[in-house]
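One file, entry_13.csv, carrying CSV, C-alpha atoms and all ligand atoms:
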chain,number,residue,atom,x,y,z
A,1360,MET,CA,12.7,71.3,-4.3
A,1361,GLU,CA,10.3,74.0,-5.3
A,1362,ASN,CA,7.5,74.5,-2.9
A,1363,TRP,CA,4.3,73.9,-4.8
A,1364,THR,CA,1.3,74.9,-2.7
A,1365,ILE,CA,-2.1,73.7,-4.0
A,1366,ASP,CA,-3.0,77.3,-4.8
A,1367,LYS,CA,0.2,77.8,-6.9
A,1368,VAL,CA,-0.4,74.6,-8.8
A,1369,ARG,CA,-4.0,75.6,-9.6
A,1370,ARG,CA,-3.0,79.1,-10.7
A,1371,THR,CA,-0.1,77.8,-12.9
A,1372,PHE,CA,-2.4,75.4,-14.7
A,1373,LEU,CA,-5.1,78.0,-15.4
A,1374,ASP,CA,-2.6,80.7,-16.5
A,1375,PHE,CA,-0.9,78.2,-18.8
A,1376,PHE,CA,-4.1,77.6,-20.7
A,1377,LYS,CA,-5.2,81.2,-20.6
A,1378,ALA,CA,-2.0,82.0,-22.4
A,1379,LYS,CA,-3.1,79.5,-25.0
A,1380,GLY,CA,-6.4,81.3,-25.7
A,1381,HIS,CA,-8.6,79.5,-23.1
A,1382,THR,CA,-11.3,81.4,-21.1
A,1383,GLU,CA,-11.1,80.7,-17.4
A,1384,VAL,CA,-14.5,79.5,-16.2
A,1385,ALA,CA,-15.4,79.3,-12.5
A,1386,SER,CA,-16.2,75.9,-11.0
A,1387,SER,CA,-19.9,75.1,-11.1
A,1388,PRO,CA,-21.6,74.1,-7.8
A,1389,LEU,CA,-21.5,70.4,-6.7
A,1390,LEU,CA,-25.3,70.3,-7.2
A,1391,PRO,CA,-25.7,69.8,-11.0
A,1392,ALA,CA,-27.9,72.3,-12.7
A,1393,GLU,CA,-30.7,70.9,-14.8
A,1394,ASP,CA,-29.1,67.4,-15.0
A,1395,ASN,CA,-30.8,64.6,-13.3
A,1396,THR,CA,-28.4,62.0,-14.8
A,1397,LEU,CA,-25.8,63.1,-12.2
A,1398,LEU,CA,-25.8,62.9,-8.4
A,1399,PHE,CA,-23.0,65.5,-8.0
A,1400,ALA,CA,-20.6,67.3,-10.3
A,1401,ASN,CA,-18.1,64.6,-11.0
A,1402,ALA,CA,-15.9,66.1,-13.7
A,1403,GLY,CA,-14.9,69.4,-15.2
A,1404,MET,CA,-16.9,68.7,-18.3
A,1405,ASN,CA,-20.3,68.5,-16.6
A,1406,GLN,CA,-21.0,72.2,-16.9
A,1407,PHE,CA,-20.1,72.1,-20.6
A,1408,LYS,CA,-22.3,69.1,-21.5
A,1409,LYS,CA,-24.6,71.1,-23.8
A,1410,LEU,CA,-21.6,72.6,-25.7
A,1411,PHE,CA,-20.3,69.2,-26.4
A,1412,LEU,CA,-23.8,68.1,-27.6
A,1413,GLY,CA,-24.0,71.2,-29.9
A,1414,LEU,CA,-27.1,72.4,-28.0
A,1415,GLU,CA,-25.5,75.6,-26.8
A,1416,LYS,CA,-23.0,78.1,-28.1
A,1417,ARG,CA,-20.8,80.6,-26.1
A,1418,SER,CA,-18.5,83.4,-27.0
A,1419,TYR,CA,-15.5,81.0,-26.6
A,1420,THR,CA,-14.4,77.7,-28.0
A,1421,ARG,CA,-11.6,77.0,-25.5
A,1422,ALA,CA,-12.1,76.9,-21.7
A,1423,CYS,CA,-10.2,76.0,-18.6
A,1424,SER,CA,-11.4,75.4,-15.0
A,1425,ALA,CA,-10.7,74.0,-11.6
A,1426,GLN,CA,-13.9,72.1,-10.9
A,1427,LYS,CA,-15.1,71.0,-7.5
A,1428,CYS,CA,-16.0,67.3,-7.8
A,1429,VAL,CA,-17.6,64.7,-5.5
A,1430,ARG,CA,-17.2,61.0,-6.5
A,1431,ALA,CA,-19.4,59.2,-4.0
A,1432,GLY,CA,-22.4,57.3,-5.4
A,1433,GLY,CA,-23.3,57.2,-9.1
A,1434,LYS,CA,-21.1,56.0,-12.0
A,1435,HIS,CA,-17.8,57.3,-10.5
A,1436,ASN,CA,-17.8,56.3,-6.9
A,1437,ASP,CA,-14.6,56.3,-4.8
A,1438,LEU,CA,-16.2,56.3,-1.4
A,1439,GLU,CA,-15.0,52.9,-0.3
A,1440,ASN,CA,-11.5,53.5,-1.7
A,1441,VAL,CA,-10.9,56.4,0.7
A,1442,GLY,CA,-8.7,55.3,3.5
A,1443,PHE,CA,-7.2,52.4,1.6
A,1444,THR,CA,-5.3,54.2,-1.1
A,1445,THR,CA,-3.0,57.2,-1.2
A,1446,ARG,CA,-4.8,58.9,-4.1
A,1447,HIS,CA,-8.6,58.6,-3.9
A,1448,HIS,CA,-10.9,61.2,-2.5
A,1449,THR,CA,-14.6,61.7,-2.3
A,1450,PHE,CA,-14.0,65.4,-2.8
A,1451,PHE,CA,-11.3,66.8,-5.0
A,1452,GLU,CA,-10.6,69.5,-7.6
A,1453,MET,CA,-10.2,68.7,-11.2
A,1454,LEU,CA,-8.1,70.9,-13.4
A,1455,GLY,CA,-9.2,70.8,-17.0
A,1456,ASN,CA,-8.9,72.3,-20.5
A,1457,PHE,CA,-11.7,72.0,-23.0
A,1458,SER,CA,-12.1,72.5,-26.7
A,1459,PHE,CA,-15.6,72.8,-28.1
A,1460,GLY,CA,-15.1,71.9,-31.8
A,1461,ASP,CA,-11.8,73.8,-31.8
A,1462,TYR,CA,-8.5,71.9,-31.4
A,1463,PHE,CA,-8.5,68.1,-31.1
A,1464,LYS,CA,-6.1,65.3,-30.3
A,1465,GLU,CA,-2.9,66.8,-31.5
A,1466,ASP,CA,-3.0,70.0,-29.6
A,1467,ALA,CA,-4.4,68.4,-26.5
A,1468,ILE,CA,-1.4,66.1,-26.4
A,1469,LYS,CA,1.1,68.9,-27.2
A,1470,TYR,CA,-0.3,71.2,-24.5
A,1471,ALA,CA,-0.3,68.4,-21.9
A,1472,TRP,CA,3.2,67.4,-22.6
A,1473,GLU,CA,4.5,71.0,-22.6
A,1474,LEU,CA,2.8,71.8,-19.2
A,1475,ILE,CA,4.1,68.7,-17.4
A,1476,THR,CA,7.6,68.6,-18.8
A,1477,GLU,CA,8.5,72.2,-19.3
A,1478,VAL,CA,6.4,74.0,-16.6
A,1479,PHE,CA,6.0,71.4,-14.0
A,1480,LYS,CA,9.3,69.8,-15.1
A,1481,LEU,CA,8.3,66.2,-14.2
A,1482,ASP,CA,11.0,63.6,-14.8
A,1483,LYS,CA,10.2,62.2,-18.3
A,1484,SER,CA,11.6,58.8,-17.4
A,1485,ARG,CA,8.8,58.5,-14.9
A,1486,LEU,CA,6.0,59.3,-17.3
A,1487,TYR,CA,3.8,56.6,-18.9
A,1488,VAL,CA,1.0,57.1,-21.4
A,1489,THR,CA,-2.0,54.9,-22.2
A,1490,VAL,CA,-4.2,55.1,-25.3
A,1491,PHE,CA,-7.4,53.3,-26.2
A,1492,ARG,CA,-6.8,49.8,-27.7
A,1493,GLU,CA,-8.0,50.9,-31.2
A,1494,ASP,CA,-6.6,54.4,-31.2
A,1495,ASP,CA,-3.6,54.2,-33.6
A,1496,GLU,CA,-3.9,57.9,-34.3
A,1497,ALA,CA,-3.4,58.9,-30.6
A,1498,GLU,CA,-0.3,56.7,-30.3
A,1499,GLN,CA,1.2,58.2,-33.5
A,1500,LEU,CA,0.5,61.7,-32.2
A,1501,TRP,CA,2.3,61.0,-29.0
A,1502,LEU,CA,5.3,59.7,-30.9
A,1503,LYS,CA,5.3,62.5,-33.4
A,1504,ASN,CA,4.8,65.5,-31.0
A,1505,THR,CA,6.5,64.5,-27.8
A,1506,ASP,CA,9.6,62.8,-26.6
A,1507,VAL,CA,7.8,60.3,-24.4
A,1508,ASP,CA,9.7,57.1,-24.2
A,1509,PRO,CA,8.1,54.8,-26.9
A,1510,LYS,CA,8.4,51.9,-24.5
A,1511,HIS,CA,6.2,53.8,-22.0
A,1512,ILE,CA,3.1,53.8,-24.3
A,1513,PHE,CA,0.5,51.1,-23.6
A,1514,ARG,CA,-2.9,50.3,-25.0
A,1515,LEU,CA,-5.8,49.6,-22.7
A,1516,ASP,CA,-9.4,48.7,-23.3
A,1517,GLU,CA,-12.8,50.4,-22.6
A,1518,HIS,CA,-12.6,49.9,-18.9
A,1519,ASP,CA,-9.6,52.3,-18.6
A,1520,ASN,CA,-9.4,54.2,-21.9
A,1521,PHE,CA,-12.9,55.1,-22.9
A,1522,TRP,CA,-14.5,57.8,-20.7
A,1523,GLN,CA,-18.1,58.5,-20.1
A,1524,MET,CA,-19.8,60.9,-17.8
A,1525,GLY,CA,-22.6,58.6,-16.8
A,1526,ASP,CA,-24.8,55.9,-18.3
A,1527,THR,CA,-25.8,58.4,-21.0
A,1528,GLY,CA,-24.2,61.6,-22.4
A,1529,PRO,CA,-21.0,62.6,-24.2
A,1530,CYS,CA,-18.1,60.1,-24.2
A,1531,GLY,CA,-15.1,59.0,-26.2
A,1532,PRO,CA,-11.7,57.3,-26.2
A,1533,CYS,CA,-9.1,58.8,-23.9
A,1534,SER,CA,-5.4,58.9,-23.3
A,1535,GLU,CA,-4.1,58.9,-19.8
A,1536,ILE,CA,-0.8,60.1,-18.4
A,1537,HIS,CA,0.6,58.3,-15.4
A,1538,TYR,CA,3.5,59.2,-13.1
A,1539,ASP,CA,5.8,56.5,-11.6
A,1540,LEU,CA,6.3,57.2,-7.9
A,1541,GLY,CA,9.3,54.9,-8.0
A,1542,GLU,CA,10.7,52.1,-5.9
A,1543,GLY,CA,10.0,54.0,-2.7
A,1544,PHE,CA,6.3,53.3,-3.1
A,1545,LYS,CA,5.3,50.1,-1.3
A,1546,ALA,CA,2.4,48.1,-2.7
A,1547,GLU,CA,0.9,44.7,-2.0
A,1548,LYS,CA,0.8,43.8,-5.7
A,1549,PRO,CA,3.7,43.4,-8.1
A,1550,PHE,CA,4.5,46.5,-10.1
A,1551,PHE,CA,4.9,45.0,-13.5
A,1552,ASP,CA,3.2,42.2,-15.4
A,1553,ASN,CA,5.1,41.0,-18.4
A,1554,GLY,CA,6.8,44.4,-18.7
A,1555,MET,CA,3.5,46.3,-18.5
A,1556,PRO,CA,3.0,48.5,-15.4
A,1557,ASP,CA,0.1,47.6,-13.2
A,1558,PHE,CA,-1.7,50.9,-13.3
A,1559,ASP,CA,-3.9,49.9,-10.3
A,1560,CYS,CA,-1.1,49.0,-7.9
A,1561,GLY,CA,-0.7,52.6,-6.6
A,1562,ARG,CA,2.9,53.2,-7.7
A,1563,PHE,CA,1.8,54.5,-11.1
A,1564,VAL,CA,-0.6,57.5,-10.5
A,1565,GLU,CA,-2.9,58.6,-13.2
A,1566,ILE,CA,-2.4,62.3,-13.2
A,1567,TRP,CA,-4.2,63.5,-16.3
A,1568,ASN,CA,-6.9,62.1,-18.5
A,1569,LEU,CA,-7.3,63.5,-22.1
A,1570,VAL,CA,-10.7,62.6,-23.4
A,1571,PHE,CA,-11.3,62.8,-27.1
A,1572,MET,CA,-15.1,63.5,-26.9
A,1573,GLN,CA,-16.6,62.2,-30.1
A,1574,PHE,CA,-19.9,60.4,-29.2
A,1575,ASN,CA,-23.1,60.7,-27.3
A,1576,ARG,CA,-24.5,57.6,-25.7
A,1577,ASP,CA,-28.3,57.4,-25.5
A,1578,GLU,CA,-30.5,55.4,-23.1
A,1579,SER,CA,-30.4,52.3,-25.3
A,1580,GLY,CA,-26.6,52.4,-25.1
A,1581,ARG,CA,-26.2,53.4,-28.8
A,1582,LEU,CA,-23.3,55.8,-29.7
A,1583,THR,CA,-23.9,58.6,-32.2
A,1584,PRO,CA,-21.1,61.0,-33.3
A,1585,LEU,CA,-21.2,64.5,-31.8
A,1586,PRO,CA,-21.6,67.4,-34.2
A,1587,LYS,CA,-17.9,68.2,-33.8
A,1588,PRO,CA,-15.0,66.5,-32.0
A,1589,ASN,CA,-14.1,68.0,-28.7
A,1590,ILE,CA,-11.5,67.9,-26.0
A,1591,ASP,CA,-12.2,67.3,-22.3
A,1592,THR,CA,-9.3,66.9,-19.9
A,1593,GLY,CA,-9.1,66.3,-16.2
A,1594,MET,CA,-6.1,66.4,-13.9
A,1595,GLY,CA,-6.4,65.7,-10.2
A,1596,LEU,CA,-5.2,68.8,-8.4
A,1597,GLU,CA,-4.3,67.0,-5.2
A,1598,ARG,CA,-2.5,64.3,-7.1
A,1599,ILE,CA,-0.3,66.6,-9.2
A,1600,THR,CA,0.4,68.7,-6.1
A,1601,SER,CA,1.5,65.7,-4.2
A,1602,ILE,CA,3.9,64.6,-7.0
A,1603,LEU,CA,5.3,68.1,-7.5
A,1604,ASN,CA,6.2,68.1,-3.8
A,1605,GLY,CA,7.9,64.7,-4.0
A,1606,LYS,CA,5.3,63.0,-1.7
A,1607,LEU,CA,4.1,59.4,-2.0
A,1608,SER,CA,0.6,60.2,-0.8
A,1609,ASN,CA,-1.9,62.9,-1.5
A,1610,TYR,CA,-2.6,63.1,2.2
A,1611,ASP,CA,1.0,64.4,2.8
A,1612,ILE,CA,0.2,67.8,1.1
A,1613,ASP,CA,-0.5,71.0,2.8
A,1614,ILE,CA,-4.3,71.0,2.6
A,1615,PHE,CA,-4.7,67.6,4.1
A,1616,GLN,CA,-1.9,67.9,6.7
A,1617,ASP,CA,-3.7,70.9,8.2
A,1618,LEU,CA,-6.9,68.9,8.6
A,1619,ILE,CA,-5.0,65.9,10.0
A,1620,HIS,CA,-3.1,68.0,12.6
A,1621,PHE,CA,-6.4,69.6,13.6
A,1622,THR,CA,-8.0,66.2,14.2
A,1623,GLU,CA,-4.9,65.0,16.2
A,1624,ASN,CA,-5.0,68.2,18.3
A,1625,LEU,CA,-8.7,67.6,19.1
A,1626,LEU,CA,-8.0,64.1,20.1
A,1627,GLY,CA,-5.1,65.2,22.3
A,1628,LYS,CA,-3.0,62.1,21.8
A,1629,SER,CA,-0.9,60.6,19.1
A,1630,VAL,CA,-2.4,58.2,16.7
A,1631,PRO,CA,-0.6,54.8,16.1
A,1632,ALA,CA,0.5,53.9,12.5
A,1633,GLU,CA,-2.2,51.3,12.0
A,1634,LEU,CA,-4.9,53.8,12.7
A,1635,ARG,CA,-3.6,56.8,10.7
A,1636,SER,CA,-5.7,56.0,7.7
A,1637,SER,CA,-8.7,57.0,9.8
A,1638,LEU,CA,-7.2,60.5,10.0
A,1639,ASN,CA,-7.1,60.5,6.2
A,1640,VAL,CA,-10.7,59.4,6.0
A,1641,ILE,CA,-11.8,62.1,8.4
A,1642,ALA,CA,-9.8,64.8,6.5
A,1643,ASP,CA,-11.3,63.7,3.1
A,1644,HIS,CA,-14.9,63.3,4.4
A,1645,ALA,CA,-14.7,66.7,6.2
A,1646,ARG,CA,-13.9,68.3,2.9
A,1647,SER,CA,-16.8,66.7,1.0
A,1648,THR,CA,-19.2,67.3,3.8
A,1649,SER,CA,-18.3,71.0,4.0
A,1650,PHE,CA,-18.4,71.6,0.3
A,1651,LEU,CA,-21.7,69.7,-0.2
A,1652,ILE,CA,-23.4,71.6,2.6
A,1653,ALA,CA,-22.0,74.9,1.2
A,1654,ASP,CA,-23.6,74.0,-2.1
A,1655,THR,CA,-27.0,73.5,-0.4
A,1656,ILE,CA,-27.1,69.7,-0.1
A,1657,THR,CA,-28.0,68.6,3.5
A,1658,PRO,CA,-28.1,65.2,5.1
A,1659,SER,CA,-31.4,63.3,4.5
A,1660,ASN,CA,-32.9,59.9,4.0
A,1661,GLU,CA,-32.8,59.8,0.2
A,1662,GLY,CA,-30.9,60.8,-2.9
A,1663,ARG,CA,-28.0,63.2,-2.7
A,1664,GLY,CA,-28.7,64.0,1.0
A,1665,TYR,CA,-28.5,60.3,1.8
A,1666,VAL,CA,-25.1,60.0,0.1
A,1667,LEU,CA,-23.9,62.9,2.3
A,1668,ARG,CA,-25.3,61.2,5.3
A,1669,ARG,CA,-23.3,58.1,4.5
A,1670,ILE,CA,-20.1,60.1,4.1
A,1671,MET,CA,-20.7,61.7,7.5
A,1672,ARG,CA,-21.5,58.4,9.2
A,1673,ARG,CA,-18.3,56.9,7.7
A,1674,ALA,CA,-16.2,59.8,9.1
A,1675,ILE,CA,-17.9,59.5,12.5
A,1676,ARG,CA,-17.2,55.7,12.5
A,1677,HIS,CA,-13.5,56.4,11.9
A,1678,GLY,CA,-13.6,59.0,14.7
A,1679,HIS,CA,-14.9,56.4,17.1
A,1680,LYS,CA,-12.0,54.1,16.0
A,1681,LEU,CA,-9.6,56.8,17.0
A,1682,GLY,CA,-11.2,57.3,20.4
A,1683,PHE,CA,-13.6,60.2,19.9
A,1684,ASN,CA,-16.9,59.7,21.8
A,1685,GLU,CA,-18.6,63.0,21.3
B,1701,LIG,N1,-14.0,63.8,-17.9
B,1701,LIG,C1,-12.7,63.1,-17.8
B,1701,LIG,C2,-12.5,62.6,-16.4
B,1701,LIG,O1,-13.2,62.9,-15.5
B,1701,LIG,C3,-11.6,64.1,-18.1
B,1701,LIG,O2,-11.8,65.3,-17.6
B,1701,LIG,O3,-11.6,61.8,-16.2
As structure tokens, what does this structure read like?
Ligand code: SER
Amino acid sequence: MENWTIDKVRRTFLDFFKAKGHTEVASSPLLPAEDNTLLFANAGMNQFKKLFLGLEKRSYTRACSAQKCVRAGGKHNDLENVGFTTRHHTFFEMLGNFSFGDYFKEDAIKYAWELITEVFKLDKSRLYVTVFREDDEAEQLWLKNTDVDPKHIFRLDEHDNFWQMGDTGPCGPCSEIHYDLGEGFKAEKPFFDNGMPDFDCGRFVEIWNLVFMQFNRDESGRLTPLPKPNIDTGMGLERITSILNGKLSNYDIDIFQDLIHFTENLLGKSVPAELRSSLNVIADHARSTSFLIADTITPSNEGRGYVLRRIMRRAIRHGHKLGFNE
């Protein structure tokens, strides 16, 4: 099996989209600039919000990035999942390609399928696709432009297939690509319900979300069409790296294993199976803590600093469980 380090996966993604005319844009800081609707950067599209709204123009209409994200507090909050699943993080990197009034659904679907099946060479029989309940067009485009198994396309409702950044802002229906980890993945819940995969059981990992950005939601909840349709996609770098290396858990990839070994060495004794999730929590929270502080957010009693404080406290609590007392 090819050795996909996290750096190689990131570079491969960005180079693929650069070759398709996208400008590589650096990650924005975790502290959102001029946007009080957000606690932290939580998606690649945040820094492009004004382009989607038609309030700003740049020299390019296609972009790609690897964005630092923190999902703790606010609309997208994964804090309490960390430690209990193999795929959630408070801090992660989101790979994304973006179109600002340039290409739309058809090319977004074609590019995604080409990258995962021809470059990453994922096994097609393990790929599943979901589309928004009412989005006949997206389903037809998948059937026309790819060789995805038609029995692997499912329709889901707003909860899963309509993406929005926060309570207000750009939003739209989306189409998600999921990877089946296979029978080797053990879950508490059944894998299928009447032939439909349970996309929350953990065996089917959402690897890529293609958002068809078409609306802006205002404070009263009303949707108005954006000046032009756009594309915003997000692929979890840690998730795809884990899959490319044949792992069942994100915590088994290089970047987390280094942190887990570091913690074990500090502890000086081996950690029993039932406590190993605490090692994952510490590795995850150490990353979010470090990146938040590097981006000028420090622990405090309110707002962003308070969320950081909660992350640090949670890591420390898990440290106590493992036997650390300093
Ligand atoms: N904004 C979408 C998400 O975060 C796709 O990038 O899932």
Self-check item: Environment of ligand LIG 1701 (chain B) within 6 Å, counting all atoms listed in the file, reported as number ranges by chain
Solution: A: 1402-1404, 1568-1570, 1591-1593
Quiz item: Between A:Thr1657, A:Asp1394, A:Ala1378, A:Gly1413, which one has atoms that come closest to Tyr1470 (chain A), using all atoms listed in the file?
Solution: A:Ala1378
Exercise. Around the point (-19.6, 56.3, -26.7), in the coordinates given by the file, pick out the residues reaching within 9 Å, counting all atoms listed in the file, and return them as an MDAnalysis selection string.
Key: chainID A and resid 1521:1523 1527:1532 1572:1577 1580:1584
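Minimum atom-to-atom distances from A:Asn1456, A:Thr1444, A:Ser1579, A:Arg1668 to Lys1545 (chain A) were compared using all atoms listed in the file, and the lowest value belongs to A:Thr1444.
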Exercise. Would you work out the distance separating CA of Leu1585 (chain A) from CA of Met1524 (chain A), expressed in Å to one decimal?
Key: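 Straight-line distance from CA of Leu1585 (chain A) to CA of Met1524 (chain A) works out to 14.5 Å.
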Quiz prompt | Straight-line distance linking CA of Leu1438 (chain A) with CA of Pro1658 (chain A), stated in Å to one decimal | solution =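 Answer for the CA of Leu1438 (chain A) to CA of Pro1658 (chain A) separation: 16.2 Å.
By chain and then residue number, the residues within 12 Å of Ile1675 (chain A) are A:Ser1637, A:Leu1638, A:Val1640, A:Ile1641, A:Ala1642, A:His1644, A:Ala1645, A:Thr1648, A:Arg1668, A:Arg1669, A:Leu1681, A:Gly1682, A:Phe1683, A:Asn1684, A:Glu1685, counting only C-alpha atoms and disregarding those fewer than 6 positions away in sequence.
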Practice problem: Between A:Ile1566, A:Met1453, A:Val1384, A:Leu1667, single out the one closest to Thr1655 (chain A), counting all atoms listed in the file. | Solution: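 Going through A:Ile1566, A:Met1453, A:Val1384, A:Leu1667 one by one, the smallest distance to Thr1655 (chain A) is for A:Leu1667.
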Practice problem: Pick out the closest residue to Ser1418 (chain A) from this set: A:Thr1382, A:Phe1551, A:Pro1391, A:Glu1452. Count only C-alpha atoms. | Solution: A:Thr1382
Who sits within 12 Å of Leu1410 (chain A), all atoms listed in the file, same chain under 5 positions skipped, as a PDB file with C-alpha atoms, in the frame of the given file:
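File selection_35.pdb, as written:
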ATOM      1  CA  MET A1404     -16.900  68.700 -18.300  1.00  0.00           C
ATOM      2  CA  ASN A1405     -20.300  68.500 -16.600  1.00  0.00           C
ATOM      3  CA  GLU A1415     -25.500  75.600 -26.800  1.00  0.00           C
ATOM      4  CA  LYS A1416     -23.000  78.100 -28.100  1.00  0.00           C
ATOM      5  CA  ARG A1417     -20.800  80.600 -26.100  1.00  0.00           C
ATOM      6  CA  SER A1418     -18.500  83.400 -27.000  1.00  0.00           C
ATOM      7  CA  TYR A1419     -15.500  81.000 -26.600  1.00  0.00           C
ATOM      8  CA  THR A1420     -14.400  77.700 -28.000  1.00  0.00           C
ATOM      9  CA  ARG A1421     -11.600  77.000 -25.500  1.00  0.00           C
ATOM     10  CA  ALA A1422     -12.100  76.900 -21.700  1.00  0.00           C
ATOM     11  CA  PHE A1457     -11.700  72.000 -23.000  1.00  0.00           C
ATOM     12  CA  SER A1458     -12.100  72.500 -26.700  1.00  0.00           C
ATOM     13  CA  PHE A1459     -15.600  72.800 -28.100  1.00  0.00           C
ATOM     14  CA  GLY A1460     -15.100  71.900 -31.800  1.00  0.00           C
ATOM     15  CA  ASP A1461     -11.800  73.800 -31.800  1.00  0.00           C
ATOM     16  CA  GLY A1528     -24.200  61.600 -22.400  1.00  0.00           C
ATOM     17  CA  PRO A1529     -21.000  62.600 -24.200  1.00  0.00           C
ATOM     18  CA  MET A1572     -15.100  63.500 -26.900  1.00  0.00           C
ATOM     19  CA  LEU A1585     -21.200  64.500 -31.800  1.00  0.00           C
ATOM     20  CA  PRO A1586     -21.600  67.400 -34.200  1.00  0.00           C
ATOM     21  CA  LYS A1587     -17.900  68.200 -33.800  1.00  0.00           C
ATOM     22  CA  PRO A1588     -15.000  66.500 -32.000  1.00  0.00           C
ATOM     23  CA  ASN A1589     -14.100  68.000 -28.700  1.00  0.00           C
ATOM     24  CA  ILE A1590     -11.500  67.900 -26.000  1.00  0.00           C
ATOM     25  CA  ASP A1591     -12.200  67.300 -22.300  1.00  0.00           C
TER      26      ASP A1591
END
Self-check item: Straight-line distance linking CA of Thr1364 (chain A) with CA of Asn1604 (chain A), stated in Å to one decimal
Solution: 8.5 Å
Quiz prompt | Residue neighbourhood region 1490-1492 of chain A, 6 Å, all atoms listed in the file, exclusion window fewer than 4 positions, as a PyMOL selection string | solution = chain A and resi 1514-1516+1520+1532+1534
Quiz item: Quick one: residues within 12 Å of Glu1542 (chain A), all atoms listed in the file counted, chain neighbours fewer than 4 positions away excluded, as number ranges by chain?
Solution: A: 1485, 1546, 1549-1551, 1561-1563, 1607
Practice problem: Kindly indicate which residue among A:Pro1631, A:Pro1509, A:Gly1678, A:Gly1541 lies nearest to Val1564 (chain A), using all atoms listed in the file for the distances. | Solution: A:Gly1541
Quiz item: Within 10 Å of (-4.0, 57.5, -31.9), all atoms listed in the file: residues as a list of chain:residue names?
Solution: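 Residues with an atom at most 10 Å from (-4.0, 57.5, -31.9): A:Lys1464, A:Glu1465, A:Val1490, A:Phe1491, A:Arg1492, A:Glu1493, A:Asp1494, A:Asp1495, A:Glu1496, A:Ala1497, A:Glu1498, A:Gln1499, A:Leu1500, A:Trp1501, A:Leu1502, A:Pro1532, A:Cys1533, A:Ser1534.
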Quiz item: Which polymer residues have any atom within 12 Å of an atom of Trp1472 (chain A), counting all atoms listed in the file, with same-chain residues fewer than 4 positions away left out, as a PyMOL selection string?
Solution: chain A and resi 1465-1468+1476-1483+1486-1488+1500-1502+1504-1507+1535-1537+1567+1569
Written selection (C-alpha atoms) as a compact mmCIF listing (two decimals), in the coordinates of the input:
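Result file follows (again.txt):
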# COMPACT_ATOMS: atom_id res chain seq x y z
CA GLU A 1465 -2.90 66.80 -31.50
CA ASP A 1466 -3.00 70.00 -29.60
CA ALA A 1467 -4.40 68.40 -26.50
CA ILE A 1468 -1.40 66.10 -26.40
CA THR A 1476 7.60 68.60 -18.80
CA GLU A 1477 8.50 72.20 -19.30
CA VAL A 1478 6.40 74.00 -16.60
CA PHE A 1479 6.00 71.40 -14.00
CA LYS A 1480 9.30 69.80 -15.10
CA LEU A 1481 8.30 66.20 -14.20
CA ASP A 1482 11.00 63.60 -14.80
CA LYS A 1483 10.20 62.20 -18.30
CA LEU A 1486 6.00 59.30 -17.30
CA TYR A 1487 3.80 56.60 -18.90
CA VAL A 1488 1.00 57.10 -21.40
CA LEU A 1500 0.50 61.70 -32.20
CA TRP A 1501 2.30 61.00 -29.00
CA LEU A 1502 5.30 59.70 -30.90
CA ASN A 1504 4.80 65.50 -31.00
CA THR A 1505 6.50 64.50 -27.80
CA ASP A 1506 9.60 62.80 -26.60
CA VAL A 1507 7.80 60.30 -24.40
CA GLU A 1535 -4.10 58.90 -19.80
CA ILE A 1536 -0.80 60.10 -18.40
CA HIS A 1537 0.60 58.30 -15.40
CA TRP A 1567 -4.20 63.50 -16.30
CA LEU A 1569 -7.30 63.50 -22.10
Exercise. Identify which of the residues A:Gly1525, A:Gly1627, A:Gly1455, A:Gly1605 lies closest to Leu1398 (chain A), counting only C-alpha atoms when measuring atom-to-atom distances.
Key: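 When distances to Leu1398 (chain A) are compared using only C-alpha atoms, the smallest one comes from A:Gly1525.
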Could you complete region 1594-1602 of chain A so that it carries N, CA and C atoms, and give it back as a short mmCIF file (atom, residue, chain, number, x, y, z; two decimals), in the frame of the given file?
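Listing of selection17.cif after writing:
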data_model
loop_
_atom_site.label_atom_id
_atom_site.label_comp_id
_atom_site.auth_asym_id
_atom_site.auth_seq_id
_atom_site.Cartn_x
_atom_site.Cartn_y
_atom_site.Cartn_z
N MET A 1594 -7.27 66.75 -14.73
CA MET A 1594 -6.10 66.40 -13.90
C MET A 1594 -6.43 66.63 -12.46
N GLY A 1595 -6.12 65.63 -11.65
CA GLY A 1595 -6.40 65.70 -10.20
C GLY A 1595 -5.49 66.70 -9.54
N LEU A 1596 -6.04 67.79 -9.02
CA LEU A 1596 -5.20 68.80 -8.40
C LEU A 1596 -4.40 68.29 -7.22
N GLU A 1597 -5.04 67.50 -6.38
CA GLU A 1597 -4.30 67.00 -5.20
C GLU A 1597 -3.23 66.02 -5.60
N ARG A 1598 -3.49 65.22 -6.65
CA ARG A 1598 -2.50 64.30 -7.10
C ARG A 1598 -1.25 64.96 -7.66
N ILE A 1599 -1.46 65.94 -8.55
CA ILE A 1599 -0.30 66.60 -9.20
C ILE A 1599 0.46 67.40 -8.12
N THR A 1600 -0.26 67.98 -7.17
CA THR A 1600 0.40 68.70 -6.10
C THR A 1600 1.30 67.81 -5.28
N SER A 1601 0.78 66.65 -4.98
CA SER A 1601 1.50 65.70 -4.20
C SER A 1601 2.82 65.29 -4.95
N ILE A 1602 2.71 65.03 -6.23
CA ILE A 1602 3.90 64.60 -7.00
C ILE A 1602 4.89 65.76 -7.11
#
